[in-house]
Amino acid sequence: MLEASRSAGIPHPSVCGGRGRCSTCRIRVLHGLDGQPEPAPYERATLARIKASGDVRLACQFRPLHDISVVPVLSAGRTRISEPGSSRAARGQEREIAVLFCDLRGFTSLTERRLPFDTVFILNRYFEVVGHAVEEAGVHLDKFIGDGALALFGLSASPDLGCRQAVEAALRIRQGVADLNKAYGSELERPLQLAMSLHVGPAVVSEMGYGQATSLTAVGDTLNAASRLEDLAKELDAELVISDDLARRTVLDLNAHERRTITMRGLTAPVDAWVVRDAWTLMGQGIVSEGSEK
Ligand code: FES
């Protein structure tokens with residue numbers, strides 16, 4: 001069905017490139033569904049995940065045996081990023097990547113009694129620390145969100161190297177924030193406190209946005225899980241929560257730290273993770289050298 005749309009010049013979204021890994025190509029069958037082939041297990045699983053009704057099929061997987069009348073469920077929109085011929089980055093590709101989420105614990109309350117320009121000053125120093133740490137680890141900083149940041153590792157390296165780079169970046173951030181607290185201690189009611197998470201897994205990496213605001217980013221269960229692990233770091237007042245999946249791909253020895261199994265809404269399998277209350281304790285584990293300031 002997707003090929004039929006393409007050969008007829010009908011814009012038809014197909015973000016995963018016709019591999020049955022998204023649901024953007026789905027169509028609603030208006031007439032002629034009787035007597036058509038049943039969905040294969042792969043297509044059936046995708047349709048079940050999005051709770052599609054019985055008249056919906058994936059255009060890239062569906063090969064009708066006789067005439068049929070369909071309508072694409074999603075409009076291709078005004079951009080042409082999902083069409084054949086656009087770059088792989090624009091179409092999106094599934095990759096195994098490591099993810100770092102980084103936030104400041106209790107920063108909102110810290111800003112309540114400060115002048116907004118003073119808050120901007122401190123935040124920019126903190127963003128500088130995060131940006132340098134990620135760049136020094138040799139990777140891509142995705143975005144700053146409020147006082148948080150998201151960085152993706154393994155886009156141009158192996159997932160294993162990405163995991164090590166992610167740990168290195170987290171420890172460099174820890175070191176940089178400790179330096180900030182020392183330099184600006186008199187400006188702060190209490191020291192800046194980090195909440196970070198690290199996780200690895202499959203994600204769809206794609207250019208997203210509009211016009212000048214388009215950038216390379218990633219979405220998927222791995223990102224959702226990493227975000228949830230960062231929330232857990234905040235809840236537990238810990239500096240870093242590392243998924244066991246990522247930890248096992250590094251040289252980190254985390255046996256001295258608390259291990260938890262976390263069930264997350266929307267994820268089929270629970271995630272095992274290590275709670276590192278003070279990331280400083282990981283310094284010197286062969287990933288990044290310990291600095292002079294704590
Ligand atoms: S294009 Fe992604 S499932 Fe059809």
# chains A, B, ... in the order shown; residues from 1 in each chain; ligands from 1

$ residues_around --residues "Val271 in chain A" --least-positions-apart "5" --cutoff "8 Å" --atoms "only C-alpha atoms" --output "ChimeraX atom specification"
/A:225,243-244,261-264

$ write_last_selection --atoms "N, CA and C atoms" --output "compact mmCIF listing (two decimals), in the first residue's frame"
# COMPACT_ATOMS: atom_id res chain seq x y z
N ALA A 225 12.54 5.89 29.93
CA ALA A 225 13.07 5.23 31.12
C ALA A 225 14.16 6.09 31.77
N SER A 243 21.31 2.89 35.09
CA SER A 243 20.67 1.60 34.81
C SER A 243 21.74 0.51 34.79
N ASP A 244 21.33 -0.67 35.19
CA ASP A 244 22.28 -1.79 35.20
C ASP A 244 22.73 -2.12 33.78
N THR A 261 14.96 -2.31 41.57
CA THR A 261 14.26 -2.71 40.35
C THR A 261 13.03 -1.83 40.22
N ILE A 262 12.97 -1.10 39.10
CA ILE A 262 11.92 -0.10 38.96
C ILE A 262 10.95 -0.51 37.86
N THR A 263 9.68 -0.56 38.22
CA THR A 263 8.64 -0.84 37.22
C THR A 263 8.13 0.49 36.70
N MET A 264 8.06 0.61 35.39
CA MET A 264 7.63 1.88 34.81
C MET A 264 6.41 1.69 33.95

$ select_by_dssp --residues "range 9-234 of chain A" --states "alpha helix (DSSP H)" --output "PyMOL selection string"
chain A and resi 41-49+88-91+107-111+116-136+159-183+221-234

$ closest_residue --among "A:Ile68, A:Leu150, A:Leu192, A:Leu141" --to "Thr111 in chain A" --atoms "only C-alpha atoms"
A:Leu192

$ closest_atom_pairs --of "chain A" --to "ligand 1" --cutoff "7 Å" --atoms "only C-alpha atoms and all ligand atoms" --output "tab-separated table"
residue	atom	partner	partner_atom_place_in_ligand_line	distance
A:Pro13	CA	ligand 1	1 (S)	6.9
A:Ser14	CA	ligand 1	1 (S)	3.5
A:Val15	CA	ligand 1	1 (S)	5.4
A:Cys16	CA	ligand 1	2 (Fe)	4.2
A:Gly17	CA	ligand 1	1 (S)	5.0
A:Gly18	CA	ligand 1	1 (S)	3.6
A:Arg19	CA	ligand 1	2 (Fe)	5.4
A:Gly20	CA	ligand 1	3 (S)	3.3
A:Arg21	CA	ligand 1	3 (S)	4.8
A:Cys22	CA	ligand 1	2 (Fe)	3.9
A:Ser23	CA	ligand 1	3 (S)	4.5
A:Thr24	CA	ligand 1	2 (Fe)	5.6
A:Cys25	CA	ligand 1	4 (Fe)	4.5
A:Arg26	CA	ligand 1	4 (Fe)	6.6
A:Leu58	CA	ligand 1	4 (Fe)	5.4
A:Ala59	CA	ligand 1	4 (Fe)	5.8
A:Cys60	CA	ligand 1	4 (Fe)	4.3
A:Gln61	CA	ligand 1	4 (Fe)	6.6

$ residues_around --residues "range 257-260 of chain A" --least-positions-apart "6" --cutoff "12 Å" --atoms "only C-alpha atoms" --output "list of chain:residue names"
A:Leu229, A:Leu232, A:Ala233, A:Leu236, A:Ala238, A:Leu240, A:Val241, A:Ile242, A:Ser243, A:Asp244, A:Ala247, A:Pro270, A:Val271, A:Asp272, A:Ala273, A:Trp274, A:Val275, A:Val276, A:Arg277, A:Asp278, A:Ala279, A:Thr281, A:Leu282

$ write_last_selection --atoms "N, CA and C atoms" --output "PDB file, in the first residue's frame"
ATOM      1  N   LEU A 229      14.322   7.588  35.503  1.00  0.00           N
ATOM      2  CA  LEU A 229      15.436   7.356  36.430  1.00  0.00           C
ATOM      3  C   LEU A 229      15.929   8.690  37.007  1.00  0.00           C
ATOM      4  N   LEU A 232      13.673   9.560  39.697  1.00  0.00           N
ATOM      5  CA  LEU A 232      13.982   8.741  40.872  1.00  0.00           C
ATOM      6  C   LEU A 232      15.161   9.346  41.646  1.00  0.00           C
ATOM      7  N   ALA A 233      16.149   9.832  40.907  1.00  0.00           N
ATOM      8  CA  ALA A 233      17.297  10.472  41.575  1.00  0.00           C
ATOM      9  C   ALA A 233      16.816  11.638  42.438  1.00  0.00           C
ATOM     10  N   LEU A 236      14.913  10.352  45.559  1.00  0.00           N
ATOM     11  CA  LEU A 236      15.779   9.714  46.558  1.00  0.00           C
ATOM     12  C   LEU A 236      16.883  10.652  47.035  1.00  0.00           C
ATOM     13  N   ALA A 238      19.383  11.687  45.348  1.00  0.00           N
ATOM     14  CA  ALA A 238      20.647  11.092  44.915  1.00  0.00           C
ATOM     15  C   ALA A 238      21.196  11.887  43.727  1.00  0.00           C
ATOM     16  N   LEU A 240      22.963  10.527  41.190  1.00  0.00           N
ATOM     17  CA  LEU A 240      23.033   9.782  39.931  1.00  0.00           C
ATOM     18  C   LEU A 240      22.321   8.443  40.073  1.00  0.00           C
ATOM     19  N   VAL A 241      21.495   8.113  39.096  1.00  0.00           N
ATOM     20  CA  VAL A 241      20.906   6.773  39.017  1.00  0.00           C
ATOM     21  C   VAL A 241      21.343   6.176  37.676  1.00  0.00           C
ATOM     22  N   ILE A 242      21.977   5.017  37.740  1.00  0.00           N
ATOM     23  CA  ILE A 242      22.546   4.384  36.540  1.00  0.00           C
ATOM     24  C   ILE A 242      21.819   3.071  36.288  1.00  0.00           C
ATOM     25  N   SER A 243      21.310   2.894  35.095  1.00  0.00           N
ATOM     26  CA  SER A 243      20.674   1.603  34.807  1.00  0.00           C
ATOM     27  C   SER A 243      21.742   0.511  34.789  1.00  0.00           C
ATOM     28  N   ASP A 244      21.333  -0.674  35.191  1.00  0.00           N
ATOM     29  CA  ASP A 244      22.284  -1.786  35.200  1.00  0.00           C
ATOM     30  C   ASP A 244      22.727  -2.123  33.778  1.00  0.00           C
ATOM     31  N   ALA A 247      25.547   0.194  33.221  1.00  0.00           N
ATOM     32  CA  ALA A 247      26.682  -0.062  34.123  1.00  0.00           C
ATOM     33  C   ALA A 247      27.477  -1.280  33.670  1.00  0.00           C
ATOM     34  N   PRO A 270      10.703  -4.402  33.852  1.00  0.00           N
ATOM     35  CA  PRO A 270      11.246  -3.452  34.832  1.00  0.00           C
ATOM     36  C   PRO A 270      12.711  -3.136  34.515  1.00  0.00           C
ATOM     37  N   VAL A 271      13.188  -2.036  35.072  1.00  0.00           N
ATOM     38  CA  VAL A 271      14.571  -1.619  34.834  1.00  0.00           C
ATOM     39  C   VAL A 271      15.337  -1.733  36.145  1.00  0.00           C
ATOM     40  N   ASP A 272      16.456  -2.461  36.112  1.00  0.00           N
ATOM     41  CA  ASP A 272      17.341  -2.522  37.282  1.00  0.00           C
ATOM     42  C   ASP A 272      18.268  -1.318  37.256  1.00  0.00           C
ATOM     43  N   ALA A 273      18.438  -0.690  38.400  1.00  0.00           N
ATOM     44  CA  ALA A 273      19.259   0.528  38.423  1.00  0.00           C
ATOM     45  C   ALA A 273      20.019   0.637  39.742  1.00  0.00           C
ATOM     46  N   TRP A 274      21.120   1.361  39.673  1.00  0.00           N
ATOM     47  CA  TRP A 274      21.962   1.617  40.843  1.00  0.00           C
ATOM     48  C   TRP A 274      21.780   3.063  41.275  1.00  0.00           C
ATOM     49  N   VAL A 275      21.596   3.248  42.569  1.00  0.00           N
ATOM     50  CA  VAL A 275      21.404   4.589  43.117  1.00  0.00           C
ATOM     51  C   VAL A 275      22.725   5.053  43.726  1.00  0.00           C
ATOM     52  N   VAL A 276      23.302   6.076  43.114  1.00  0.00           N
ATOM     53  CA  VAL A 276      24.593   6.600  43.587  1.00  0.00           C
ATOM     54  C   VAL A 276      24.315   7.947  44.254  1.00  0.00           C
ATOM     55  N   ARG A 277      24.317   7.944  45.573  1.00  0.00           N
ATOM     56  CA  ARG A 277      23.935   9.185  46.274  1.00  0.00           C
ATOM     57  C   ARG A 277      24.982  10.268  46.064  1.00  0.00           C
ATOM     58  N   ASP A 278      26.241   9.896  46.028  1.00  0.00           N
ATOM     59  CA  ASP A 278      27.314  10.862  45.817  1.00  0.00           C
ATOM     60  C   ASP A 278      28.178  10.366  44.648  1.00  0.00           C
ATOM     61  N   ALA A 279      28.026  11.026  43.497  1.00  0.00           N
ATOM     62  CA  ALA A 279      28.744  10.567  42.302  1.00  0.00           C
ATOM     63  C   ALA A 279      30.251  10.698  42.464  1.00  0.00           C
ATOM     64  N   THR A 281      31.974   9.418  44.586  1.00  0.00           N
ATOM     65  CA  THR A 281      32.526   8.112  44.964  1.00  0.00           C
ATOM     66  C   THR A 281      32.938   7.296  43.738  1.00  0.00           C
ATOM     67  N   LEU A 282      32.502   7.705  42.563  1.00  0.00           N
ATOM     68  CA  LEU A 282      32.864   6.960  41.347  1.00  0.00           C
ATOM     69  C   LEU A 282      34.121   7.512  40.686  1.00  0.00           C
TER      70      LEU A 282
END

$ residues_around --residues "range 51-57 of chain A" --least-positions-apart "6" --cutoff "10 Å" --atoms "only C-alpha atoms" --output "MDAnalysis selection string"
chainID A and resid 1 23 25:31 33 38:39 43:45 70:73

$ write_last_selection --atoms "C-alpha atoms" --output "compact mmCIF listing (two decimals), in the first residue's frame"
# COMPACT_ATOMS: atom_id res chain seq x y z
CA MET A 1 0.00 0.00 0.00
CA SER A 23 2.91 3.44 12.90
CA CYS A 25 2.18 4.91 7.60
CA ARG A 26 -1.06 3.46 8.94
CA ILE A 27 -4.17 3.58 6.85
CA ARG A 28 -7.84 3.19 7.55
CA VAL A 29 -9.55 0.76 5.21
CA LEU A 30 -12.84 2.21 4.01
CA HIS A 31 -13.92 -0.64 1.69
CA LEU A 33 -11.05 -5.37 3.85
CA GLU A 38 -4.35 -11.01 8.04
CA PRO A 39 -1.62 -8.86 9.66
CA GLU A 43 2.28 -5.76 12.18
CA ARG A 44 -0.23 -7.14 14.66
CA ALA A 45 2.07 -6.27 17.60
CA VAL A 70 -8.08 3.43 2.06
CA VAL A 71 -7.14 6.77 3.60
CA PRO A 72 -3.84 7.55 5.40
CA VAL A 73 -4.52 8.18 9.09

$ atom_distance --atom1 "CA of Gly35 in chain A" --atom2 "CA of Leu47 in chain A"
19.1 Å

$ residues_around --residues "Ala203 in chain A" --least-positions-apart "4" --cutoff "12 Å" --atoms "only C-alpha atoms" --output "MDAnalysis selection string"
chainID A and resid 16 21:22 92:99 152:155 159 199 217:226

$ atom_distance --atom1 "CA of Val129 in chain A" --atom2 "CA of Ser156 in chain A"
22.6 Å

$ select_by_dssp --residues "range 48-252 of chain A" --states "strand (DSSP E or B)" --output "number ranges by chain"
A: 56-58, 69-72, 93-104, 140-145, 148-153, 194-208, 215-219, 240-243

$ write_last_selection --atoms "C-alpha atoms" --output "compact mmCIF listing (two decimals), in the first residue's frame"
# COMPACT_ATOMS: atom_id res chain seq x y z
CA VAL A 56 -6.44 0.05 10.52
CA ARG A 57 -3.37 -1.49 8.85
CA LEU A 58 0.27 -0.53 8.35
CA SER A 69 -10.25 1.86 -0.65
CA VAL A 70 -8.08 3.43 2.06
CA VAL A 71 -7.14 6.77 3.60
CA PRO A 72 -3.84 7.55 5.40
CA GLN A 93 16.71 5.68 12.30
CA GLU A 94 16.66 3.24 15.16
CA ARG A 95 19.97 3.16 17.02
CA GLU A 96 21.27 1.85 20.29
CA ILE A 97 22.42 4.91 22.20
CA ALA A 98 23.38 5.94 25.72
CA VAL A 99 21.43 8.79 27.29
CA LEU A 100 22.26 11.26 30.03
CA PHE A 101 19.57 13.34 31.72
CA CYS A 102 20.83 16.02 34.07
CA ASP A 103 18.87 18.38 36.28
CA LEU A 104 19.28 20.48 39.40
CA HIS A 140 26.31 15.53 21.10
CA LEU A 141 24.43 17.71 23.55
CA ASP A 142 20.81 17.44 22.55
CA LYS A 143 19.08 20.20 24.43
CA PHE A 144 18.62 22.21 27.59
CA ILE A 145 15.14 22.04 29.05
CA GLY A 148 17.84 20.29 32.79
CA ALA A 149 19.85 18.87 29.94
CA LEU A 150 19.71 15.83 27.69
CA ALA A 151 22.79 14.41 25.97
CA LEU A 152 23.00 11.50 23.54
CA PHE A 153 26.05 9.23 23.29
CA LEU A 194 22.56 17.48 40.75
CA ALA A 195 20.07 14.77 39.78
CA MET A 196 21.37 12.75 36.84
CA SER A 197 20.48 9.49 35.15
CA LEU A 198 22.22 7.22 32.65
CA HIS A 199 20.62 4.53 30.52
CA VAL A 200 21.28 2.70 27.25
CA GLY A 201 18.96 1.10 24.72
CA PRO A 202 17.28 1.47 21.36
CA ALA A 203 15.84 4.84 20.34
CA VAL A 204 14.71 6.50 17.17
CA VAL A 205 17.21 9.24 16.35
CA SER A 206 15.81 11.84 14.02
CA GLU A 207 15.83 15.47 13.07
CA MET A 208 12.81 17.07 14.70
CA SER A 215 17.69 19.58 15.54
CA LEU A 216 18.82 16.00 15.94
CA THR A 217 17.15 14.35 18.90
CA ALA A 218 15.90 10.95 20.02
CA VAL A 219 12.66 9.45 21.28
CA LEU A 240 23.03 9.78 39.93
CA VAL A 241 20.91 6.77 39.02
CA ILE A 242 22.55 4.38 36.54
CA SER A 243 20.67 1.60 34.81

$ closest_residue --among "A:Asp160, A:Glu168, A:Val120, A:Leu110" --to "Glu135 in chain A" --atoms "only C-alpha atoms"
A:Glu168

$ residues_around --residues "Arg164 in chain A" --least-positions-apart "3" --cutoff "8 Å" --atoms "only C-alpha atoms" --output "PyMOL selection string"
chain A and resi 160-161+167-168+249-250+287

$ atom_distance --atom1 "CA of Leu246 in chain A" --atom2 "CA of Ser158 in chain A"
12.9 Å

$ residues_around --residues "Glu187 in chain A" --least-positions-apart "6" --cutoff "12 Å" --atoms "only C-alpha atoms" --output "MDAnalysis selection string"
chainID A and resid 110:111 113:115 118:119 121:122 180:181

$ write_last_selection --atoms "C-alpha atoms" --output "compact mmCIF listing (two decimals), in the first residue's frame"
# COMPACT_ATOMS: atom_id res chain seq x y z
CA LEU A 110 16.67 28.35 45.09
CA THR A 111 15.61 30.99 42.57
CA ARG A 113 14.48 34.86 46.44
CA ARG A 114 16.85 35.81 43.64
CA LEU A 115 16.71 38.49 40.98
CA ASP A 118 21.14 36.66 38.90
CA THR A 119 19.38 33.37 38.16
CA PHE A 121 23.92 34.23 35.47
CA ILE A 122 24.09 31.11 37.63
CA LEU A 180 30.78 26.19 40.70
CA ASN A 181 29.63 25.74 44.27
